[in-house]
Amino acid sequence: MAQQLKEAMQRLSKSIPKGGMGGGGSGGSSGPNRAAKAAASATGALVVAGGLGYGAYNSVYTVEGGHRAVVFNRLVGMKESIYGEGLNFNIPWFERPTIYDIRTRPCNLQTLTGSKDLQMVTIGVRVLHRPDPRNLVWLYQRLGTNYDERILPSLMNECAKAVVARYNANELLTKRDQVSAAISADLMRRAGGFHVLLEDVAITHLSFSPEYARAVEAKQVAQQDAERAKYVVIGAQQEKKTIITRAKGEAQSAELIGTAVKRNPGFMKLRRIDAARDIADVVAHSGNKVYLNADSLLLNLLGDADEKFEKSIEHEQPQKKGWFK
């Protein structure tokens with residue numbers, strides 16, 4: 001276009017006479033006519049050059065990567081062809097291209113609905129969607145370029161509420177994968193009717209009313225208290241068994257010690273010596289002074305305490321024999 005303008009200006013400059021207005025009578029009358037013709041010729045050249053430039057500029061368009069184009073023709077309406085990436089041609093003014101982004105895009109929705117047991121649930125759903133590249137003409141004729149704003153919010157809202165109503169509140173937590181799969185299946189089936197492809201459907205948020213949350217927390221606390229009480233009972237039973245076992249052991253030990261003393265009084269001497277050794281060790285390492293009787297501290301191993309004890313045992317044995325008679 002710049003080259004054509006340059007050529008038109010050159011032709012205009014050549015057509016203007018160099019002699020000016022003082023060239024004589026006949027020359028003076030023919031000069032303005034030639035100048036008018038030259039101006040008209042230049043204007044026509046400018047118009048033609050502008051038209052050619054406009055046509056050249058609007059006869060091509062570029063489709064970027066991840067996009068597709070559909071073309072509207074003023075004579076026949078929407079053309080059935082889908083134009084791919086790269087440089088494409090069209091007829092200026094008669095045809096108008098519309099470019100679609102066919103890459104995957106997210107859409108998020110959060111809604112409040114009720115479960116099967118009439119608990120209010122707030123659920124958030126996210127879908128990854130894209131238009132079907134083979135049906136872009138249908139989308140443009142019926143939904144336009146903002147198809148996702150027209151259909152996805154209502155479909156996501158309806159499908160999420162319909163699926164949540166099939167489950168109880170606790171099942172929404174324990175069967176979350178099933179709930180997500182059911183929402184995905186319903187959404188894909190209904191969005192397919194609008195030639196919208198869903199790549200992924202996920203539950204991003206799930207919460208219950210404050211009252212239900214407090215009830216669930218109270219239930220968990222009660223269950224924990226019950227489990228704790230059960231373990232306390234088990235611990236008490238084990239302690240009881242331990243006490244009984246210890247008591248039986250002590251009774252058997254006392255019985256064995258009594259039998260040993262009856263059969264051999266020297267057993268008590270041995271115990272007396274062990275006790276005296278322990279007491280002597282404590283007194284030796286203590287910084288206090290002791291003013292007690294040696295017999296009281298069981299330290300008198302050379303006294304007559306053992307003889308008195310043996311005589312008492314021998315005195316009791318005839319009496320017990322008389323009792324048995």
# chains A, B, ... in the order shown; residues from 1 in each chain; ligands from 1
call {"tool": "residues_around", "arguments": {"residues": "Gly66 of chain A", "least_positions_apart": "2", "cutoff": "12 Å", "atoms": "only C-alpha atoms", "output": "list in words"}}
result
Val63, Glu64, Arg68, Ala69, Tyr83, Gly84, Glu85, Gly86, Ile99, Tyr100, Asp101, Ile102, Arg103, Thr104, Arg105, Arg130, Pro131 and Pro133 of chain A
call {"tool": "write_last_selection", "arguments": {"atoms": "N, CA and C atoms", "output": "tab-separated table (two decimals), in the first residue's frame"}}
result
chain	number	residue	atom	x	y	z
A	63	VAL	N	-4.84	-18.04	13.07
A	63	VAL	CA	-5.40	-18.85	14.16
A	63	VAL	C	-4.24	-19.35	15.01
A	64	GLU	N	-4.21	-18.93	16.27
A	64	GLU	CA	-3.12	-19.30	17.17
A	64	GLU	C	-3.23	-20.77	17.58
A	68	ARG	N	-9.40	-22.70	17.20
A	68	ARG	CA	-10.03	-23.04	15.92
A	68	ARG	C	-10.92	-21.86	15.52
A	69	ALA	N	-11.24	-21.77	14.22
A	69	ALA	CA	-12.02	-20.64	13.71
A	69	ALA	C	-13.23	-21.15	12.93
A	83	TYR	N	-11.69	-24.11	10.65
A	83	TYR	CA	-10.37	-23.71	10.19
A	83	TYR	C	-9.36	-23.89	11.32
A	84	GLY	N	-8.25	-24.55	10.96
A	84	GLY	CA	-7.24	-24.89	11.96
A	84	GLY	C	-6.22	-23.81	12.18
A	85	GLU	N	-5.14	-24.17	12.85
A	85	GLU	CA	-4.10	-23.23	13.22
A	85	GLU	C	-3.33	-22.75	11.99
A	86	GLY	N	-2.85	-21.51	12.07
A	86	GLY	CA	-2.04	-20.96	10.99
A	86	GLY	C	-2.74	-19.82	10.27
A	99	ILE	N	-12.95	-16.87	16.39
A	99	ILE	CA	-11.94	-17.81	16.88
A	99	ILE	C	-12.35	-18.35	18.24
A	100	TYR	N	-12.27	-19.69	18.40
A	100	TYR	CA	-12.59	-20.38	19.65
A	100	TYR	C	-11.30	-20.90	20.29
A	101	ASP	N	-11.25	-20.79	21.61
A	101	ASP	CA	-10.16	-21.39	22.38
A	101	ASP	C	-10.60	-22.80	22.77
A	102	ILE	N	-9.90	-23.82	22.25
A	102	ILE	CA	-10.30	-25.22	22.51
A	102	ILE	C	-9.40	-25.86	23.56
A	103	ARG	N	-8.60	-25.07	24.27
A	103	ARG	CA	-7.78	-25.62	25.35
A	103	ARG	C	-8.63	-25.83	26.61
A	104	THR	N	-8.14	-26.72	27.49
A	104	THR	CA	-8.87	-27.05	28.71
A	104	THR	C	-8.85	-25.88	29.68
A	105	ARG	N	-10.01	-25.55	30.23
A	105	ARG	CA	-10.14	-24.44	31.17
A	105	ARG	C	-10.92	-24.91	32.40
A	130	ARG	N	-13.64	-28.19	27.84
A	130	ARG	CA	-13.26	-27.60	26.56
A	130	ARG	C	-14.35	-27.89	25.54
A	131	PRO	N	-14.48	-27.06	24.51
A	131	PRO	CA	-15.51	-27.31	23.49
A	131	PRO	C	-15.09	-28.45	22.56
A	133	PRO	N	-14.15	-29.71	19.24
A	133	PRO	CA	-13.70	-29.02	18.02
A	133	PRO	C	-14.51	-29.36	16.78
call {"tool": "select_by_dssp", "arguments": {"residues": "segment 30-243 of chain A", "states": "alpha helix (DSSP H)", "output": "PyMOL selection string"}}
result
chain A and resi 30-58+136-142+147-164+169-174+176-192+210-243
call {"tool": "atom_distance", "arguments": {"atom1": "atom CA of Ala202 of chain A", "atom2": "atom CA of Ala160 of chain A"}}
result
10.9 Å
call {"tool": "closest_residue", "arguments": {"among": "A:Asp281, A:Asp186, A:Glu95, A:Glu227", "to": "Glu158 of chain A", "atoms": "only C-alpha atoms"}}
result
A:Asp186
call {"tool": "residues_around", "arguments": {"residues": "Thr113 of chain A", "least_positions_apart": "2", "cutoff": "9 Å", "atoms": "only C-alpha atoms", "output": "PDB file with N, CA and C atoms, in the first residue's frame"}}
result
ATOM      1  N   THR A 111     -21.950 -24.633  46.200  1.00  0.00           N
ATOM      2  CA  THR A 111     -23.390 -24.526  46.409  1.00  0.00           C
ATOM      3  C   THR A 111     -23.781 -25.156  47.732  1.00  0.00           C
ATOM      4  N   SER A 115     -28.639 -33.206  52.279  1.00  0.00           N
ATOM      5  CA  SER A 115     -28.354 -34.627  52.114  1.00  0.00           C
ATOM      6  C   SER A 115     -29.628 -35.450  52.294  1.00  0.00           C
ATOM      7  N   GLN A 119     -29.546 -32.981  56.218  1.00  0.00           N
ATOM      8  CA  GLN A 119     -28.470 -32.159  56.758  1.00  0.00           C
ATOM      9  C   GLN A 119     -27.977 -31.210  55.661  1.00  0.00           C
ATOM     10  N   MET A 120     -27.766 -29.938  56.024  1.00  0.00           N
ATOM     11  CA  MET A 120     -27.305 -28.957  55.047  1.00  0.00           C
ATOM     12  C   MET A 120     -25.801 -29.131  54.820  1.00  0.00           C
ATOM     13  N   VAL A 121     -25.446 -29.211  53.546  1.00  0.00           N
ATOM     14  CA  VAL A 121     -24.061 -29.484  53.147  1.00  0.00           C
ATOM     15  C   VAL A 121     -23.621 -28.414  52.148  1.00  0.00           C
ATOM     16  N   THR A 122     -22.420 -27.884  52.355  1.00  0.00           N
ATOM     17  CA  THR A 122     -21.810 -26.961  51.391  1.00  0.00           C
ATOM     18  C   THR A 122     -20.765 -27.735  50.607  1.00  0.00           C
ATOM     19  N   ILE A 123     -20.968 -27.847  49.297  1.00  0.00           N
ATOM     20  CA  ILE A 123     -20.087 -28.645  48.451  1.00  0.00           C
ATOM     21  C   ILE A 123     -19.517 -27.758  47.348  1.00  0.00           C
ATOM     22  N   ALA A 160     -24.776 -31.667  41.223  1.00  0.00           N
ATOM     23  CA  ALA A 160     -24.248 -31.789  42.588  1.00  0.00           C
ATOM     24  C   ALA A 160     -25.381 -31.979  43.592  1.00  0.00           C
ATOM     25  N   LYS A 161     -26.451 -31.214  43.463  1.00  0.00           N
ATOM     26  CA  LYS A 161     -27.570 -31.353  44.395  1.00  0.00           C
ATOM     27  C   LYS A 161     -28.274 -32.695  44.238  1.00  0.00           C
ATOM     28  N   VAL A 164     -25.888 -35.440  45.861  1.00  0.00           N
ATOM     29  CA  VAL A 164     -25.774 -35.325  47.327  1.00  0.00           C
ATOM     30  C   VAL A 164     -27.059 -35.783  47.999  1.00  0.00           C
ATOM     31  N   ALA A 165     -28.202 -35.580  47.367  1.00  0.00           N
ATOM     32  CA  ALA A 165     -29.479 -35.986  47.964  1.00  0.00           C
ATOM     33  C   ALA A 165     -29.632 -37.501  48.064  1.00  0.00           C
TER      34      ALA A 165
END
call {"tool": "closest_residue", "arguments": {"among": "A:Asn90, A:Asn288, A:Ala280, A:Thr245", "to": "Thr62 of chain A", "atoms": "only C-alpha atoms"}}
result
A:Asn90
call {"tool": "residues_around", "arguments": {"residues": "Tyr212 of chain A", "least_positions_apart": "4", "cutoff": "12 Å", "atoms": "only C-alpha atoms", "output": "ChimeraX atom specification"}}
result
/A:115,117-121,169-170,207-208,216-219
call {"tool": "closest_residue", "arguments": {"among": "A:Val48, A:Val60, A:Leu128, A:Cys107", "to": "Phe89 of chain A", "atoms": "only C-alpha atoms"}}
result
A:Val60
call {"tool": "atom_distance", "arguments": {"atom1": "atom CA of Leu256 of chain A", "atom2": "atom CA of Leu270 of chain A"}}
result
15.2 Å
call {"tool": "closest_residue", "arguments": {"among": "A:Arg166, A:Arg263, A:Arg126, A:Lys230", "to": "His205 of chain A", "atoms": "only C-alpha atoms"}}
result
A:Arg126
call {"tool": "residues_around", "arguments": {"residues": "segment 55-59 of chain A", "least_positions_apart": "5", "cutoff": "12 Å", "atoms": "only C-alpha atoms", "output": "VMD selection string"}}
result
chain A and resid 1 48 to 50 87 to 97
call {"tool": "write_last_selection", "arguments": {"atoms": "C-alpha atoms", "output": "compact mmCIF listing (two decimals), in the first residue's frame"}}
result
# COMPACT_ATOMS: atom_id res chain seq x y z
CA MET A 1 0.00 0.00 0.00
CA VAL A 48 -7.76 2.43 -5.37
CA ALA A 49 -4.62 2.03 -3.29
CA GLY A 50 -6.64 2.38 -0.06
CA LEU A 87 -2.77 -18.40 8.26
CA ASN A 88 -6.25 -18.52 6.67
CA PHE A 89 -7.96 -16.45 3.95
CA ASN A 90 -11.43 -14.94 3.77
CA ILE A 91 -13.35 -12.45 1.64
CA PRO A 92 -13.26 -8.98 3.22
CA TRP A 93 -16.59 -7.62 4.46
CA PHE A 94 -18.46 -10.66 3.12
CA GLU A 95 -16.93 -13.06 5.65
CA ARG A 96 -16.18 -12.63 9.38
CA PRO A 97 -14.09 -15.23 11.27
call {"tool": "select_by_dssp", "arguments": {"residues": "segment 180-213 of chain A", "states": "strand (DSSP E)", "output": "PyMOL selection string"}}
result
chain A and resi 196-208
call {"tool": "write_last_selection", "arguments": {"atoms": "N, CA, C and O atoms", "output": "PDB file, in the first residue's frame"}}
result
ATOM      1  N   VAL A 196     -19.923 -30.150  24.873  1.00  0.00           N
ATOM      2  CA  VAL A 196     -18.858 -29.674  25.760  1.00  0.00           C
ATOM      3  C   VAL A 196     -18.203 -30.898  26.385  1.00  0.00           C
ATOM      4  O   VAL A 196     -18.888 -31.741  26.977  1.00  0.00           O
ATOM      5  N   LEU A 197     -16.893 -31.005  26.250  1.00  0.00           N
ATOM      6  CA  LEU A 197     -16.154 -32.157  26.757  1.00  0.00           C
ATOM      7  C   LEU A 197     -15.579 -31.823  28.136  1.00  0.00           C
ATOM      8  O   LEU A 197     -14.979 -30.755  28.325  1.00  0.00           O
ATOM      9  N   LEU A 198     -15.773 -32.738  29.104  1.00  0.00           N
ATOM     10  CA  LEU A 198     -15.252 -32.562  30.461  1.00  0.00           C
ATOM     11  C   LEU A 198     -14.059 -33.477  30.656  1.00  0.00           C
ATOM     12  O   LEU A 198     -14.169 -34.702  30.512  1.00  0.00           O
ATOM     13  N   GLU A 199     -12.914 -32.895  30.973  1.00  0.00           N
ATOM     14  CA  GLU A 199     -11.696 -33.674  31.183  1.00  0.00           C
ATOM     15  C   GLU A 199     -11.626 -34.256  32.590  1.00  0.00           C
ATOM     16  O   GLU A 199     -11.134 -35.366  32.786  1.00  0.00           O
ATOM     17  N   ASP A 200     -12.125 -33.514  33.584  1.00  0.00           N
ATOM     18  CA  ASP A 200     -12.032 -33.983  34.965  1.00  0.00           C
ATOM     19  C   ASP A 200     -13.088 -33.274  35.801  1.00  0.00           C
ATOM     20  O   ASP A 200     -13.411 -32.109  35.555  1.00  0.00           O
ATOM     21  N   VAL A 201     -13.617 -34.016  36.790  1.00  0.00           N
ATOM     22  CA  VAL A 201     -14.586 -33.471  37.746  1.00  0.00           C
ATOM     23  C   VAL A 201     -14.118 -33.867  39.147  1.00  0.00           C
ATOM     24  O   VAL A 201     -13.836 -35.040  39.398  1.00  0.00           O
ATOM     25  N   ALA A 202     -14.017 -32.899  40.055  1.00  0.00           N
ATOM     26  CA  ALA A 202     -13.505 -33.179  41.395  1.00  0.00           C
ATOM     27  C   ALA A 202     -14.272 -32.371  42.427  1.00  0.00           C
ATOM     28  O   ALA A 202     -14.745 -31.269  42.147  1.00  0.00           O
ATOM     29  N   ILE A 203     -14.390 -32.961  43.637  1.00  0.00           N
ATOM     30  CA  ILE A 203     -14.975 -32.267  44.787  1.00  0.00           C
ATOM     31  C   ILE A 203     -13.838 -31.564  45.522  1.00  0.00           C
ATOM     32  O   ILE A 203     -12.924 -32.198  46.041  1.00  0.00           O
ATOM     33  N   THR A 204     -13.880 -30.256  45.558  1.00  0.00           N
ATOM     34  CA  THR A 204     -12.811 -29.472  46.182  1.00  0.00           C
ATOM     35  C   THR A 204     -13.135 -29.034  47.605  1.00  0.00           C
ATOM     36  O   THR A 204     -12.225 -28.676  48.346  1.00  0.00           O
ATOM     37  N   HIS A 205     -14.410 -29.066  47.982  1.00  0.00           N
ATOM     38  CA  HIS A 205     -14.794 -28.582  49.313  1.00  0.00           C
ATOM     39  C   HIS A 205     -16.056 -29.313  49.753  1.00  0.00           C
ATOM     40  O   HIS A 205     -16.970 -29.528  48.951  1.00  0.00           O
ATOM     41  N   LEU A 206     -16.070 -29.708  51.037  1.00  0.00           N
ATOM     42  CA  LEU A 206     -17.244 -30.390  51.592  1.00  0.00           C
ATOM     43  C   LEU A 206     -17.305 -30.071  53.076  1.00  0.00           C
ATOM     44  O   LEU A 206     -16.418 -30.440  53.842  1.00  0.00           O
ATOM     45  N   SER A 207     -18.352 -29.368  53.488  1.00  0.00           N
ATOM     46  CA  SER A 207     -18.500 -28.979  54.892  1.00  0.00           C
ATOM     47  C   SER A 207     -19.969 -29.064  55.275  1.00  0.00           C
ATOM     48  O   SER A 207     -20.857 -28.978  54.419  1.00  0.00           O
ATOM     49  N   PHE A 208     -20.203 -29.211  56.604  1.00  0.00           N
ATOM     50  CA  PHE A 208     -21.551 -29.359  57.129  1.00  0.00           C
ATOM     51  C   PHE A 208     -21.894 -28.147  57.991  1.00  0.00           C
ATOM     52  O   PHE A 208     -21.042 -27.297  58.276  1.00  0.00           O
TER      53      PHE A 208
END
call {"tool": "atom_distance", "arguments": {"atom1": "atom CA of Val221 of chain A", "atom2": "atom CA of Lys175 of chain A"}}
result
22.8 Å
call {"tool": "residues_around", "arguments": {"residues": "Phe194 of chain A", "least_positions_apart": "4", "cutoff": "10 Å", "atoms": "only C-alpha atoms", "output": "PyMOL selection string"}}
result
chain A and resi 131-132+135+138-139+142-143+147+151-152+189-190
call {"tool": "decode", "arguments": {"residues": "segment 228-259 of chain A", "atoms": "N, CA, C and O atoms", "output": "PDB file, in the first residue's frame"}}
result
ATOM      1  N   ARG A 228     -12.219 -45.413  76.686  1.00  0.00           N
ATOM      2  CA  ARG A 228     -11.349 -45.196  77.841  1.00  0.00           C
ATOM      3  C   ARG A 228     -11.885 -45.927  79.076  1.00  0.00           C
ATOM      4  O   ARG A 228     -11.114 -46.540  79.838  1.00  0.00           O
ATOM      5  N   ALA A 229     -13.197 -45.876  79.292  1.00  0.00           N
ATOM      6  CA  ALA A 229     -13.793 -46.585  80.443  1.00  0.00           C
ATOM      7  C   ALA A 229     -13.599 -48.091  80.310  1.00  0.00           C
ATOM      8  O   ALA A 229     -13.352 -48.791  81.308  1.00  0.00           O
ATOM      9  N   LYS A 230     -13.710 -48.592  79.074  1.00  0.00           N
ATOM     10  CA  LYS A 230     -13.513 -50.031  78.877  1.00  0.00           C
ATOM     11  C   LYS A 230     -12.095 -50.431  79.249  1.00  0.00           C
ATOM     12  O   LYS A 230     -11.877 -51.457  79.918  1.00  0.00           O
ATOM     13  N   TYR A 231     -11.126 -49.615  78.846  1.00  0.00           N
ATOM     14  CA  TYR A 231      -9.748 -49.943  79.192  1.00  0.00           C
ATOM     15  C   TYR A 231      -9.494 -49.788  80.690  1.00  0.00           C
ATOM     16  O   TYR A 231      -8.666 -50.516  81.265  1.00  0.00           O
ATOM     17  N   VAL A 232     -10.195 -48.851  81.345  1.00  0.00           N
ATOM     18  CA  VAL A 232     -10.054 -48.714  82.799  1.00  0.00           C
ATOM     19  C   VAL A 232     -10.563 -49.972  83.499  1.00  0.00           C
ATOM     20  O   VAL A 232      -9.955 -50.470  84.457  1.00  0.00           O
ATOM     21  N   VAL A 233     -11.720 -50.505  83.038  1.00  0.00           N
ATOM     22  CA  VAL A 233     -12.262 -51.735  83.619  1.00  0.00           C
ATOM     23  C   VAL A 233     -11.308 -52.898  83.420  1.00  0.00           C
ATOM     24  O   VAL A 233     -11.056 -53.696  84.338  1.00  0.00           O
ATOM     25  N   ILE A 234     -10.757 -52.991  82.202  1.00  0.00           N
ATOM     26  CA  ILE A 234      -9.801 -54.079  81.942  1.00  0.00           C
ATOM     27  C   ILE A 234      -8.570 -53.941  82.842  1.00  0.00           C
ATOM     28  O   ILE A 234      -8.070 -54.928  83.403  1.00  0.00           O
ATOM     29  N   GLY A 235      -8.104 -52.686  83.024  1.00  0.00           N
ATOM     30  CA  GLY A 235      -6.964 -52.472  83.903  1.00  0.00           C
ATOM     31  C   GLY A 235      -7.270 -52.832  85.351  1.00  0.00           C
ATOM     32  O   GLY A 235      -6.427 -53.409  86.041  1.00  0.00           O
ATOM     33  N   ALA A 236      -8.502 -52.501  85.808  1.00  0.00           N
ATOM     34  CA  ALA A 236      -8.885 -52.852  87.180  1.00  0.00           C
ATOM     35  C   ALA A 236      -8.953 -54.368  87.361  1.00  0.00           C
ATOM     36  O   ALA A 236      -8.538 -54.902  88.412  1.00  0.00           O
ATOM     37  N   GLN A 237      -9.484 -55.049  86.360  1.00  0.00           N
ATOM     38  CA  GLN A 237      -9.544 -56.515  86.447  1.00  0.00           C
ATOM     39  C   GLN A 237      -8.141 -57.114  86.513  1.00  0.00           C
ATOM     40  O   GLN A 237      -7.880 -58.031  87.301  1.00  0.00           O
ATOM     41  N   GLN A 238      -7.239 -56.607  85.695  1.00  0.00           N
ATOM     42  CA  GLN A 238      -5.871 -57.111  85.736  1.00  0.00           C
ATOM     43  C   GLN A 238      -5.203 -56.812  87.075  1.00  0.00           C
ATOM     44  O   GLN A 238      -4.469 -57.644  87.620  1.00  0.00           O
ATOM     45  N   GLU A 239      -5.471 -55.613  87.619  1.00  0.00           N
ATOM     46  CA  GLU A 239      -4.906 -55.273  88.925  1.00  0.00           C
ATOM     47  C   GLU A 239      -5.454 -56.188  90.020  1.00  0.00           C
ATOM     48  O   GLU A 239      -4.716 -56.602  90.929  1.00  0.00           O
ATOM     49  N   LYS A 240      -6.763 -56.473  89.896  1.00  0.00           N
ATOM     50  CA  LYS A 240      -7.355 -57.391  90.877  1.00  0.00           C
ATOM     51  C   LYS A 240      -6.698 -58.762  90.812  1.00  0.00           C
ATOM     52  O   LYS A 240      -6.362 -59.364  91.852  1.00  0.00           O
ATOM     53  N   LYS A 241      -6.491 -59.261  89.605  1.00  0.00           N
ATOM     54  CA  LYS A 241      -5.831 -60.565  89.465  1.00  0.00           C
ATOM     55  C   LYS A 241      -4.417 -60.519  90.014  1.00  0.00           C
ATOM     56  O   LYS A 241      -3.938 -61.478  90.642  1.00  0.00           O
ATOM     57  N   THR A 242      -3.734 -59.367  89.792  1.00  0.00           N
ATOM     58  CA  THR A 242      -2.369 -59.234  90.303  1.00  0.00           C
ATOM     59  C   THR A 242      -2.346 -59.255  91.828  1.00  0.00           C
ATOM     60  O   THR A 242      -1.487 -59.908  92.442  1.00  0.00           O
ATOM     61  N   ILE A 243      -3.301 -58.549  92.454  1.00  0.00           N
ATOM     62  CA  ILE A 243      -3.363 -58.526  93.928  1.00  0.00           C
ATOM     63  C   ILE A 243      -3.642 -59.914  94.482  1.00  0.00           C
ATOM     64  O   ILE A 243      -3.034 -60.353  95.473  1.00  0.00           O
ATOM     65  N   ILE A 244      -4.592 -60.612  93.819  1.00  0.00           N
ATOM     66  CA  ILE A 244      -4.928 -61.967  94.295  1.00  0.00           C
ATOM     67  C   ILE A 244      -3.718 -62.881  94.170  1.00  0.00           C
ATOM     68  O   ILE A 244      -3.390 -63.665  95.083  1.00  0.00           O
ATOM     69  N   THR A 245      -3.045 -62.780  93.035  1.00  0.00           N
ATOM     70  CA  THR A 245      -1.875 -63.636  92.823  1.00  0.00           C
ATOM     71  C   THR A 245      -0.787 -63.311  93.837  1.00  0.00           C
ATOM     72  O   THR A 245      -0.133 -64.210  94.400  1.00  0.00           O
ATOM     73  N   ARG A 246      -0.589 -61.991  94.092  1.00  0.00           N
ATOM     74  CA  ARG A 246       0.422 -61.601  95.059  1.00  0.00           C
ATOM     75  C   ARG A 246       0.066 -62.101  96.464  1.00  0.00           C
ATOM     76  O   ARG A 246       0.935 -62.572  97.213  1.00  0.00           O
ATOM     77  N   ALA A 247      -1.223 -61.991  96.809  1.00  0.00           N
ATOM     78  CA  ALA A 247      -1.654 -62.456  98.131  1.00  0.00           C
ATOM     79  C   ALA A 247      -1.472 -63.961  98.274  1.00  0.00           C
ATOM     80  O   ALA A 247      -1.032 -64.453  99.327  1.00  0.00           O
ATOM     81  N   LYS A 248      -1.820 -64.702  97.214  1.00  0.00           N
ATOM     82  CA  LYS A 248      -1.617 -66.157  97.265  1.00  0.00           C
ATOM     83  C   LYS A 248      -0.142 -66.492  97.423  1.00  0.00           C
ATOM     84  O   LYS A 248       0.232 -67.389  98.193  1.00  0.00           O
ATOM     85  N   GLY A 249       0.694 -65.724  96.689  1.00  0.00           N
ATOM     86  CA  GLY A 249       2.127 -65.984  96.807  1.00  0.00           C
ATOM     87  C   GLY A 249       2.639 -65.682  98.201  1.00  0.00           C
ATOM     88  O   GLY A 249       3.455 -66.438  98.748  1.00  0.00           O
ATOM     89  N   GLU A 250       2.170 -64.554  98.784  1.00  0.00           N
ATOM     90  CA  GLU A 250       2.612 -64.222 100.136  1.00  0.00           C
ATOM     91  C   GLU A 250       2.120 -65.247 101.153  1.00  0.00           C
ATOM     92  O   GLU A 250       2.845 -65.608 102.091  1.00  0.00           O
ATOM     93  N   ALA A 251       0.861 -65.748 100.979  1.00  0.00           N
ATOM     94  CA  ALA A 251       0.339 -66.758 101.903  1.00  0.00           C
ATOM     95  C   ALA A 251       1.133 -68.053 101.807  1.00  0.00           C
ATOM     96  O   ALA A 251       1.491 -68.671 102.833  1.00  0.00           O
ATOM     97  N   GLN A 252       1.423 -68.443 100.543  1.00  0.00           N
ATOM     98  CA  GLN A 252       2.221 -69.660 100.381  1.00  0.00           C
ATOM     99  C   GLN A 252       3.624 -69.467 100.935  1.00  0.00           C
ATOM    100  O   GLN A 252       4.201 -70.390 101.531  1.00  0.00           O
ATOM    101  N   SER A 253       4.169 -68.258 100.735  1.00  0.00           N
ATOM    102  CA  SER A 253       5.506 -67.996 101.277  1.00  0.00           C
ATOM    103  C   SER A 253       5.498 -68.056 102.799  1.00  0.00           C
ATOM    104  O   SER A 253       6.404 -68.643 103.416  1.00  0.00           O
ATOM    105  N   ALA A 254       4.474 -67.454 103.425  1.00  0.00           N
ATOM    106  CA  ALA A 254       4.392 -67.500 104.885  1.00  0.00           C
ATOM    107  C   ALA A 254       4.218 -68.933 105.377  1.00  0.00           C
ATOM    108  O   ALA A 254       4.803 -69.331 106.408  1.00  0.00           O
ATOM    109  N   GLU A 255       3.407 -69.698 104.645  1.00  0.00           N
ATOM    110  CA  GLU A 255       3.191 -71.098 105.049  1.00  0.00           C
ATOM    111  C   GLU A 255       4.484 -71.901 104.948  1.00  0.00           C
ATOM    112  O   GLU A 255       4.829 -72.702 105.838  1.00  0.00           O
ATOM    113  N   LEU A 256       5.239 -71.658 103.859  1.00  0.00           N
ATOM    114  CA  LEU A 256       6.506 -72.378 103.695  1.00  0.00           C
ATOM    115  C   LEU A 256       7.511 -71.966 104.756  1.00  0.00           C
ATOM    116  O   LEU A 256       8.266 -72.793 105.288  1.00  0.00           O
ATOM    117  N   ILE A 257       7.513 -70.645 105.062  1.00  0.00           N
ATOM    118  CA  ILE A 257       8.439 -70.191 106.105  1.00  0.00           C
ATOM    119  C   ILE A 257       8.070 -70.814 107.458  1.00  0.00           C
ATOM    120  O   ILE A 257       8.942 -71.244 108.229  1.00  0.00           O
ATOM    121  N   GLY A 258       6.767 -70.842 107.782  1.00  0.00           N
ATOM    122  CA  GLY A 258       6.338 -71.455 109.046  1.00  0.00           C
ATOM    123  C   GLY A 258       6.710 -72.919 109.111  1.00  0.00           C
ATOM    124  O   GLY A 258       7.172 -73.417 110.150  1.00  0.00           O
ATOM    125  N   THR A 259       6.530 -73.631 108.009  1.00  0.00           N
ATOM    126  CA  THR A 259       6.890 -75.063 107.983  1.00  0.00           C
ATOM    127  C   THR A 259       8.391 -75.238 108.169  1.00  0.00           C
ATOM    128  O   THR A 259       8.846 -76.140 108.900  1.00  0.00           O
TER     129      THR A 259
END
